[in-house]
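What follows is a short report on a single structure.
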Amino acid sequence: MSKHASILWVISLMSVVVLSACTGKRSGSTVSGGSAVLDPAARRAERYASRPIEPAPPPDPNRIVIGVYADLTGDNSTFGEETRNGVTLAVEEINKRGGLLGKQVEARFEDTRSDPQQARNVVTKLIQQERVVAIIGEVASTISLAGGPICQRYGVPMISPSSTNPAVTDKGDYIFRVCFIDPFQGYVMAKFAAEHLKVKRVAILYDNSSDYSKGLAQFFGEAFKKLGGTITNVLTYKPQDTDFRSQLTTIRAGNPEAIFIPGYYKSVGLIARQARELGIKVPLLGGDGWSSPKLVEGAGGPGKAIEGCYFSDHYAPDDPAPQIQEFVRKYRQRFGKTPGGLAALGYDAARVLFAAIQKAGKLDRAAIRDAIASTKNFPGVTGSITINEFGDADKSAVVLQVRGDRFVFVTRITPETAMATTQVSRGRTRR
Amino acid sequence: MIEAVQVQYALGQMMDLSTLAQQLVNGIQSGAIYALIAVGYTMVYGILRMINFAHGEVYMTGAMVAWLGTSQNWFGVASNPSVVSVALLIGCAMVTCMALGVLIERLAYRPLRHAPRLIVLITAIGVSFLLQNLALILFGADPKTVPLTWRTLQLGAVSLSVGQLVLLVASLVFMAGLQLLVKRTQFGRAMRAVSEDLQAAALMGIPYDKVIVGTFALGATLAGAGGAMTAIFVGAPVTPYFGFMPGVKAFVSAVLGGIGNIPGAVLGGLLLGVIEALVGGHPTLSTFRDAVAFLLLITVLLLRPTGLLGRPLQEKV
C-alpha cells in the first residue's frame with residue numbers, strides 16, 4: 001500500500017513541478033484578442049515580443065554559412081555523427097544544384113561533447129565569429145535547452161533536428177524543431193505497450209540528469225495509466241553509473257511485464273545486460289535516445305541482451321516509401337552506412353532551413369525565422385513537416401524492434417489517434 | 001517461501017528477503033571494485049601523506065587496455081574467449097598500469113618529494129587531467145564496450161553472472177594477497193616502516209625511494225585489475241572519464257575505512273557498495289543514491305574523524 005502511495009507522491013510532485021514551470025512561462029505573455037487570426041509565426045513573435053534581441057554580427061554576405069552544434073566526441077557521439085552526415089548530404093545536394101540565392105552554402109560544425117557549457121560556448125562562437133545566418137542543433141534536449149536561449153538572445157533562427165522535450169521551443173520564437181515532442185512519444189510507447197504487447201504492468205527506469213529522459217518517463221507514465229495500465233516502480237540512474245543492478249533488483253521484485261527505459265544508448269545497453277543477468281526476461285521499451293548503431297554493441301552484441309526490444313523513432317530505414325528509399329540509397333552511397341532516425345532528421349532540418357532561406361529571399365534572420373514558422377507540408381524524409389504555433393512539428397512516430405544489429409519497422413502511430421484517445425497535449429492549452 | 005518474508009527497508013518501504021539478498025550481492029560486487037581502487041589511495045596516503053588524484057585514471061587505463069585487447073583480439077580473447085586468454089588480458093592491463101604508476105611517480109611526484117603538500121596535490125590533479133585528455137586523443141570519447149557476455153548463475157533467489165562471480169573472487173584474492181605482502185614480506189615490512197616514519201626508516205637504511213615507487217606500482221596494478229575486470233566482466237562502456245566517479249567513490253571508501261589503513265579501505269569499499277545498492281534500489285530514494293552515500297561519509301567522519309578502522313590522530317609536538 002505504502003509503496004503505491006510513495007510512487008503517487010513522486011509522480012504528483014513531478015507533475016506539480018512541471019505544471020508550475022508551465023504557468024511560469026505562460027505568465028510572461030498576455031492574451032491578445034486578435035491572435036486567432038494571426039498566423040503561427042506572428043502569434044509566437046507576439047508572445048516573445050517583450051524579449052529584446054541583442055545585436056549580433058550580420059551574416060556573411062558572400063556565402064550562406066549555417067552553424068551546426070552537435071555531440072561529435074562525447075557520450076552520444078553517434079547522434080552528432082549522424083546529424084552531421086545528414087546536414088552534409090543536404091548541403092552537398094543544394095550546392096550541386098547551384099546553391100541558395102545564387103550563393104554556395106557552407107556548414108560549420110562545432111562539437112558540444114554533450115556538455116551544456118560547451119554548447120553555450122560553441123553557439124556563441126558560431127554567431128559571433130563564424131557569423132552564421134542560422135543554426136541547426138542539438139540532438140539532446142538538455143543541450144538544446146542550453147544553446148537555444150543564446151540563439152534567441154541574438155535573434156538567430158535555430159532548428160533542432162531531434163530534441164523532443166517540449167521546453168526546447170519554449171525558449172523563444174527563433175527556436176524550432178522538425179521532430180515530434182515527448183508527450184506524443186511517451187504516448188506512442190504507452191499505446192504500443194498496452195495495445196500491441198498487451199501488457200498491464202510496466203516499470204520505469206530513467207536518467208535523472210536528462211530533461212529528455214525525465215520528461216519522457218513522466219509522459220509515458222501518465223499515458224500508460226490513462227490506457228488502464230499500472231506503473232509498478234519508478235527508479236532513476238545517472239549517465240556515469242555502471243551499476244544498475246540495485247535499481248533492476250527492485251524493479252524485478254515488482255514483477256513488471258515490460259520496463260520502459262527512456263535513456264540514451266550508452267547506458268541502455270548496459271542496463272539491458274544487467275537486467276538479463278538478473279534474470280529479467282521481459283521486453284525493454286525506449287524512445288529515440290536508443291536510435292544509435294552503438295546500442296546493440298553496448299548490450300553485448302547482436303542477438304544478446306537487447307534482442308527483440310522495442311523503441312520509438314522518427315522513421316524506419318526499411319520503410320518502402322520512395323522518398324525514404326531514395327534517401328537511404330544516397331546516404332549509403334556517400335557514407336557507407338544505413339542512416340538512422342537522427343541522420344534523417346539532420347537532413348530534414350537542413351532542407352527545411354534551405355527552403356525557408358529561399359522563401360525569405362534574403363539573408364535577413366527575422367525574415368528567415370518567419371519563413372521557417374510558416375513551413376507547411378514540407379515533404380521530409382521523416383514525414384510531412386508543418387511547423388505549428390509552438391515551433392514544433394506534428395508528425396507520426398514509428399516503433400522499431402531490435403533484431404540482430406538491425407532495427408526493424410513494427411508499427412506506425414499518428415498524432416491523430418493520440419489526440420483522439422488520450423488528449424495528449426503539451427501540458428498547457430493551445431491558443 | 002523466502003519471498004514471503006518481508007523486512008523493513010526505509011521510509012515505510014518493505015522488501016522481501018530474496019531482494020535483500022540480491023541487493024547485498026550487487027553491493028558487494030560494486031564494493032569490491034571500490035575496495036580495489038581504495039587500497040591504492042590508502043597505501044600512497046599511508047606513505048606519502050598525499051592523495052593521488054590520478055589514481056582513478058589508472059583504473060580507466062586498465063579498462064582501456066582491456067577494451068583494446070579485445071578489439072585487437074589479443075591471445076584470441078575475442079574470437080575464442082577462454083580462462084587463459086581473459087586472465088592474460090587482465091594481466092596485460094595490470095602490467096600496463098604498473099608501468100604507468102611507476103612513470104607517474106618518477107616524472108610527477110618524485111621531483112616534488114620535498115615540496116609542500118599542496119603543490120603535490122595540485123600536481124596530482126594535473127596528472128589526472130593529463131591522462132584523461134591523453135586517452136581522449138588516443139581513443140576518442142565515444143563509449144567502448146568489451147564484446148564479451150557471461151552466463152547467469154541462479155543461486156537460490158540470487159542471480160549472479162559468471163563474470164561477476166569471477167570478479168568477486170579475483171578481487172578477494174588480490175586483496176588477501178596484498179595483505180600477505182604487507183604483513184609477511186621484507187618489502188611489506190619496509191612499506192610499514194616508511195609509513196610509520198619516513199626519516200627514521202631512511203636512517204635505518206631502508207631505500208625509501210624504492211619503497212615509494214613500489215607502493216605506487218602496487219596500487220596501480222590493483223586499480224588496473226579493477227578497471228580491466230569492470231570492462232570485461234561488467235561490460236561497462238569505457239570512456240576517458242570512466243575513472244572519475246569510481247575514483248571519487250574509492251577515495252570516499254578509503255576515508256570511510258580510515259585512510260592509511262588497508263583493511264579499512266576494503267571495509268569502506270564494501271560498505272559503500274552495499275549502502276549504494278540498498279539506497280539505489282529503494283523505490284523512492286534511488287535518485288539520492290550518491291547523496292546518501294556522501295551523507296553517510298560525513299556522519300561517520302563527524303563521529304569518528306579518523307574513519308572506521310583509523311588510528312586516533314597523534315599530534316606531534
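Letters for chains follow the order of the C-alpha cells (A, B, ...), residue numbers begin at 1 for each chain, and ligand numbers begin at 1 in the order shown.
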- Message: Should the cut-off be 7 Å, what would the residue list for chain A against chain B look like, counting only C-alpha atoms, as a PyMOL selection string?
- Response: chain A and resi 2-3+6+73-75+77+233-237+242+245-247+249-250+253+266+270+277-279+297-298+300-301
- Message: When DSSP is applied to the backbone of this structure, which of range 245-428 of chain A are assigned helix (DSSP H, G or I)? Write them out as a VMD selection string.
- Response: chain A and resid 245 to 253 265 to 277 288 to 290 294 to 298 322 to 335 341 to 360 365 to 373 415 to 422
- range 185-195 of chain B environment, 8 Å, only C-alpha atoms, sequence neighbours closer than 6 positions dropped, as number ranges by chain: B: 46-48, 201-202, 206, 208, 211-212, 215
- To one decimal in Å, tell me the separation between CA of Thr123 in chain B and CA of Asn52 in chain B. 9.1 Å
Considering only C-alpha atoms, return as a PDB file with C-alpha atoms, in the first residue's frame whatever protein or nucleic-acid residues lie within 6 Å of range 33-35 of chain B, sequence-local ones (same chain, fewer than 4 positions apart) excluded.
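Output contents, as saved in part.pdb:
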ATOM      1  CA  GLY B 226      39.799  -3.383 -11.191  1.00  0.00           C
ATOM      2  CA  ALA B 250      37.046   4.808  -3.844  1.00  0.00           C
ATOM      3  CA  ALA B 265      39.891   0.650   2.698  1.00  0.00           C
ATOM      4  CA  VAL B 266      38.492  -2.806   1.907  1.00  0.00           C
ATOM      5  CA  GLY B 269      34.669  -0.069  -0.187  1.00  0.00           C
TER       6      GLY B 269
END
- Between CA of Phe139 in chain B and CA of Val39 in chain B, measure the distance and give it in Å to one decimal.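 Between these atoms lies a distance of 27.7 Å.
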- Do you have the CA of Gly62 in chain B-CA of Val127 in chain B distance handy?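 Here the two named atoms are 16.2 Å from each other.
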- From range 166-286 of chain A, collect each residue whose DSSP state is strand (DSSP E) and return the set as a list in words. Ile175, Phe176, Arg177, Arg201, Val202, Ala203, Ile204, Leu205, Tyr206, Asp207, Thr230, Ile231, Thr232, Asn233, Val234, Leu235, Thr236, Tyr237, Ala258, Ile259, Phe260, Leu284, Leu285 and Gly286 of chain A
- Query: Pick the closest to Asn165 in chain A from A:Glu257, A:Gly289, A:Leu126, A:Thr83: which is it, counting only C-alpha atoms?
  - Reply: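 Distance minimum relative to Asn165 in chain A lands on A:Gly289.
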- Close residues, range 84-96 of chain B itself excluded, 6 Å, only C-alpha atoms, min 5 positions apart in chain, as an NGL selection string: :B and (62 or 65 or 75 or 77 or 221 or 224-225 or 228)
- Excluding Arg117 in chain B and residues on its chain fewer than 2 positions from it, collect all residues at most 12 Å away from it, counting only C-alpha atoms, and give them as JSON, numbers by chain. {"B": [45, 48, 49, 50, 51, 52, 109, 112, 113, 114, 115, 119, 120, 121, 122, 123, 124]}
- Could you tell me which of A:Lys359, A:Gly391, A:Asn121, A:Val410 comes closest to Ile159 in chain A if we count only C-alpha atoms? A:Gly391
- Task: Give me the residues within 6 Å of range 333-349 of chain A as a list in words, counting only C-alpha atoms and dropping any in the same chain fewer than 3 places off.
- Result: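 The filter keeps Glu82, Thr83, Gly86, Val87, Ala90, Pro161, His314, Tyr315, Lys330, Val352 and Gly380 of chain A.
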What would the file look like if the residues just selected were written as an mmCIF file, in the first residue's frame with N, CA and C atoms?
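That gives us out_27.cif:
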data_model
loop_
_atom_site.group_PDB
_atom_site.id
_atom_site.type_symbol
_atom_site.label_atom_id
_atom_site.label_comp_id
_atom_site.auth_asym_id
_atom_site.auth_seq_id
_atom_site.Cartn_x
_atom_site.Cartn_y
_atom_site.Cartn_z
ATOM 1 N N GLU A 82 25.617 11.248 -36.979
ATOM 2 C CA GLU A 82 24.508 11.081 -37.921
ATOM 3 C C GLU A 82 23.939 12.430 -38.340
ATOM 4 N N THR A 83 23.816 13.350 -37.358
ATOM 5 C CA THR A 83 23.295 14.673 -37.683
ATOM 6 C C THR A 83 24.215 15.363 -38.685
ATOM 7 N N GLY A 86 23.809 13.877 -42.116
ATOM 8 C CA GLY A 86 22.538 14.282 -42.722
ATOM 9 C C GLY A 86 22.627 15.698 -43.264
ATOM 10 N N VAL A 87 23.171 16.611 -42.456
ATOM 11 C CA VAL A 87 23.292 18.006 -42.877
ATOM 12 C C VAL A 87 24.258 18.103 -44.061
ATOM 13 N N ALA A 90 22.620 17.177 -47.276
ATOM 14 C CA ALA A 90 21.707 18.217 -47.752
ATOM 15 C C ALA A 90 22.488 19.385 -48.345
ATOM 16 N N PRO A 161 17.082 19.464 -34.890
ATOM 17 C CA PRO A 161 16.589 18.350 -35.695
ATOM 18 C C PRO A 161 15.815 17.346 -34.853
ATOM 19 N N HIS A 314 11.901 8.172 -35.395
ATOM 20 C CA HIS A 314 11.283 9.151 -36.285
ATOM 21 C C HIS A 314 10.979 8.586 -37.668
ATOM 22 N N TYR A 315 11.702 7.576 -38.070
ATOM 23 C CA TYR A 315 11.418 6.945 -39.370
ATOM 24 C C TYR A 315 12.045 5.555 -39.368
ATOM 25 N N LYS A 330 21.087 7.295 -51.184
ATOM 26 C CA LYS A 330 22.062 8.388 -51.310
ATOM 27 C C LYS A 330 23.015 8.409 -50.109
ATOM 28 N N VAL A 352 14.627 22.016 -44.526
ATOM 29 C CA VAL A 352 13.592 22.969 -44.108
ATOM 30 C C VAL A 352 14.208 24.367 -44.028
ATOM 31 N N GLY A 380 9.364 15.947 -46.020
ATOM 32 C CA GLY A 380 10.598 15.459 -45.397
ATOM 33 C C GLY A 380 10.729 13.952 -45.518
#
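Distances from B:Ala223, B:Ile232, B:Val58, B:Val169 to Ser71 in chain B were compared using only C-alpha atoms, and the smallest one belongs to B:Ile232.
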